[in-house]
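Structure data (PDB, C-alpha atoms) from upload-v6.pdb:
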ATOM      1  CA  MET A 219     105.414 119.347 100.135
ATOM      2  CA  VAL A 220     106.259 117.626 103.408
ATOM      3  CA  ALA A 221     109.848 117.948 104.589
ATOM      4  CA  ASN A 222     111.908 114.915 105.625
ATOM      5  CA  VAL A 223     109.822 112.341 103.757
ATOM      6  CA  ASP A 224     111.651 109.739 101.686
ATOM      7  CA  PHE A 225     109.356 109.046  98.744
ATOM      8  CA  SER A 226     111.443 106.038  97.733
ATOM      9  CA  ARG A 227     110.258 104.212 100.885
ATOM     10  CA  GLY A 228     106.689 103.534  99.763
ATOM     11  CA  ILE A 229     105.029 106.840 100.595
ATOM     12  CA  TYR A 230     103.353 108.619  97.697
ATOM     13  CA  PRO A 231     101.664 111.976  97.058
ATOM     14  CA  ALA A 232      98.157 111.941  95.592
ATOM     15  CA  ASP A 233      99.180 112.193  91.940
ATOM     16  CA  ARG A 234     101.551 109.219  92.190
ATOM     17  CA  ALA A 235      99.074 107.229  94.322
ATOM     18  CA  SER A 236      96.441 107.841  91.680
ATOM     19  CA  ALA A 237      98.705 106.566  88.915
ATOM     20  CA  LEU A 238      99.745 103.471  90.857
ATOM     21  CA  SER A 239      96.276 102.527  92.085
ATOM     22  CA  GLY A 240      94.333 103.336  88.931
ATOM     23  CA  VAL A 241      91.871 105.500  90.874
ATOM     24  CA  PRO A 242      91.389 109.086  89.628
ATOM     25  CA  LYS A 243      93.011 111.779  91.756
ATOM     26  CA  SER A 244      89.680 113.517  92.337
ATOM     27  CA  THR A 245      88.270 110.238  93.675
ATOM     28  CA  LEU A 246      91.225 109.880  96.063
ATOM     29  CA  HIS A 247      90.531 113.309  97.483
ATOM     30  CA  TYR A 248      86.789 112.656  97.701
ATOM     31  CA  TRP A 249      87.312 109.338  99.519
ATOM     32  CA  ALA A 250      89.753 110.985 101.946
ATOM     33  CA  ARG A 251      87.383 113.893 102.575
ATOM     34  CA  GLU A 252      84.429 111.541 103.193
ATOM     35  CA  ARG A 253      86.634 109.239 105.354
ATOM     36  CA  ILE A 254      86.114 106.218 103.055
ATOM     37  CA  VAL A 255      89.843 105.561 102.590
ATOM     38  CA  VAL A 256      92.068 107.858 104.641
ATOM     39  CA  PRO A 257      95.788 108.070 103.832
ATOM     40  CA  SER A 258      97.769 106.743 106.765
ATOM     41  CA  ALA A 259     101.096 108.547 106.190
ATOM     42  CA  ALA A 260      99.665 112.101 106.200
ATOM     43  CA  PRO A 261      95.875 112.473 106.333
ATOM     44  CA  GLY A 262      95.866 116.299 106.373
ATOM     45  CA  PRO A 263      93.683 118.242 103.979
ATOM     46  CA  ARG A 264      96.627 120.126 102.425
ATOM     47  CA  THR A 265      99.122 117.301 102.102
ATOM     48  CA  ARG A 266      97.927 113.740 101.791
ATOM     49  CA  LEU A 267     100.517 110.992 101.622
ATOM     50  CA  TRP A 268      99.510 107.445 100.803
ATOM     51  CA  THR A 269     101.399 104.271 101.786
ATOM     52  CA  TRP A 270     101.666 101.033  99.838
ATOM     53  CA  GLY A 271      98.959  99.506 102.053
ATOM     54  CA  ASP A 272      96.704 102.462 101.297
ATOM     55  CA  LEU A 273      97.165 101.817  97.575
ATOM     56  CA  LEU A 274      96.042  98.227  98.051
ATOM     57  CA  MET A 275      92.981  99.453  99.942
ATOM     58  CA  LEU A 276      92.210 101.955  97.167
ATOM     59  CA  ARG A 277      92.349  99.209  94.557
ATOM     60  CA  LEU A 278      90.118  96.981  96.690
ATOM     61  CA  VAL A 279      87.496  99.683  97.246
ATOM     62  CA  ASP A 280      87.552 100.551  93.544
ATOM     63  CA  TRP A 281      87.152  96.876  92.625
ATOM     64  CA  LEU A 282      84.274  96.396  95.088
ATOM     65  CA  ARG A 283      82.625  99.541  93.741
ATOM     66  CA  ASP A 284      82.445  98.017  90.267
TER      67      ASP A 284
END
Written as structure tokens, that's how I'd like the structure from this file.
Amino acid sequence: MVANVDFSRGIYPADRASALSGVPKSTLHYWARERIVVPSAAPGPRTRLWTWGDLLMLRLVDWLRD
């Protein structure tokens, strides 16, 4: 996990971002890998951290996909 990150400030790991956005975790990783929706807090391949704005974008992309 990333040191010195306050998760109570609106930054979420992939499992929590998945639960909050309603998008499966595997889809989050696929979209990040394909550069569809890239997490803005930590876009690295090992540790991806999603912000509240990223969650809104995930929900929008998922909604548009349907």
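The two atoms in question, atom CA of Ala259 of chain A and atom CA of Leu282 of chain A, are spaced 23.5 Å apart.
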Grab the atom CA of Gly262 of chain A to atom CA of Ile229 of chain A distance for me, in Å with one decimal place.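 According to the coordinates, atom CA of Gly262 of chain A and atom CA of Ile229 of chain A are separated by 14.4 Å.
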Between A:Ala235, A:Val241, A:Ile254, A:Leu246, which residue has the minimum interatomic distance to Trp268 of chain A, considering all atoms listed in the file?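 Using all atoms listed in the file, the shortest distance to Trp268 of chain A belongs to A:Ala235.
Take the candidates A:Ser226, A:Arg234, A:Trp249, A:Ser239 and check each one against Trp281 of chain A using all atoms listed in the file; the shortest distance goes to A:Ser239.
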Within-12 Å shell of (90.8, 120.9, 98.1) in input frame, all atoms listed in the file, as a PyMOL selection string: chain A and resi 232+243-248+250-251+262-266
Carefully work through the PyMOL selection byres ((chain A and resi 273) around 12) for this structure and note down the residues it includes, as a PDB file with C-alpha atoms, keeping the file's coordinate frame.
ATOM      1  CA  GLY A 228     106.689 103.534  99.763  1.00  0.00           C
ATOM      2  CA  ILE A 229     105.029 106.840 100.595  1.00  0.00           C
ATOM      3  CA  TYR A 230     103.353 108.619  97.697  1.00  0.00           C
ATOM      4  CA  PRO A 231     101.664 111.976  97.058  1.00  0.00           C
ATOM      5  CA  ALA A 232      98.157 111.941  95.592  1.00  0.00           C
ATOM      6  CA  ASP A 233      99.180 112.193  91.940  1.00  0.00           C
ATOM      7  CA  ARG A 234     101.551 109.219  92.190  1.00  0.00           C
ATOM      8  CA  ALA A 235      99.074 107.229  94.322  1.00  0.00           C
ATOM      9  CA  SER A 236      96.441 107.841  91.680  1.00  0.00           C
ATOM     10  CA  ALA A 237      98.705 106.566  88.915  1.00  0.00           C
ATOM     11  CA  LEU A 238      99.745 103.471  90.857  1.00  0.00           C
ATOM     12  CA  SER A 239      96.276 102.527  92.085  1.00  0.00           C
ATOM     13  CA  GLY A 240      94.333 103.336  88.931  1.00  0.00           C
ATOM     14  CA  VAL A 241      91.871 105.500  90.874  1.00  0.00           C
ATOM     15  CA  LEU A 246      91.225 109.880  96.063  1.00  0.00           C
ATOM     16  CA  VAL A 255      89.843 105.561 102.590  1.00  0.00           C
ATOM     17  CA  VAL A 256      92.068 107.858 104.641  1.00  0.00           C
ATOM     18  CA  PRO A 257      95.788 108.070 103.832  1.00  0.00           C
ATOM     19  CA  SER A 258      97.769 106.743 106.765  1.00  0.00           C
ATOM     20  CA  ALA A 259     101.096 108.547 106.190  1.00  0.00           C
ATOM     21  CA  LEU A 267     100.517 110.992 101.622  1.00  0.00           C
ATOM     22  CA  TRP A 268      99.510 107.445 100.803  1.00  0.00           C
ATOM     23  CA  THR A 269     101.399 104.271 101.786  1.00  0.00           C
ATOM     24  CA  TRP A 270     101.666 101.033  99.838  1.00  0.00           C
ATOM     25  CA  GLY A 271      98.959  99.506 102.053  1.00  0.00           C
ATOM     26  CA  ASP A 272      96.704 102.462 101.297  1.00  0.00           C
ATOM     27  CA  LEU A 274      96.042  98.227  98.051  1.00  0.00           C
ATOM     28  CA  MET A 275      92.981  99.453  99.942  1.00  0.00           C
ATOM     29  CA  LEU A 276      92.210 101.955  97.167  1.00  0.00           C
ATOM     30  CA  ARG A 277      92.349  99.209  94.557  1.00  0.00           C
ATOM     31  CA  LEU A 278      90.118  96.981  96.690  1.00  0.00           C
ATOM     32  CA  VAL A 279      87.496  99.683  97.246  1.00  0.00           C
ATOM     33  CA  ASP A 280      87.552 100.551  93.544  1.00  0.00           C
TER      34      ASP A 280
END
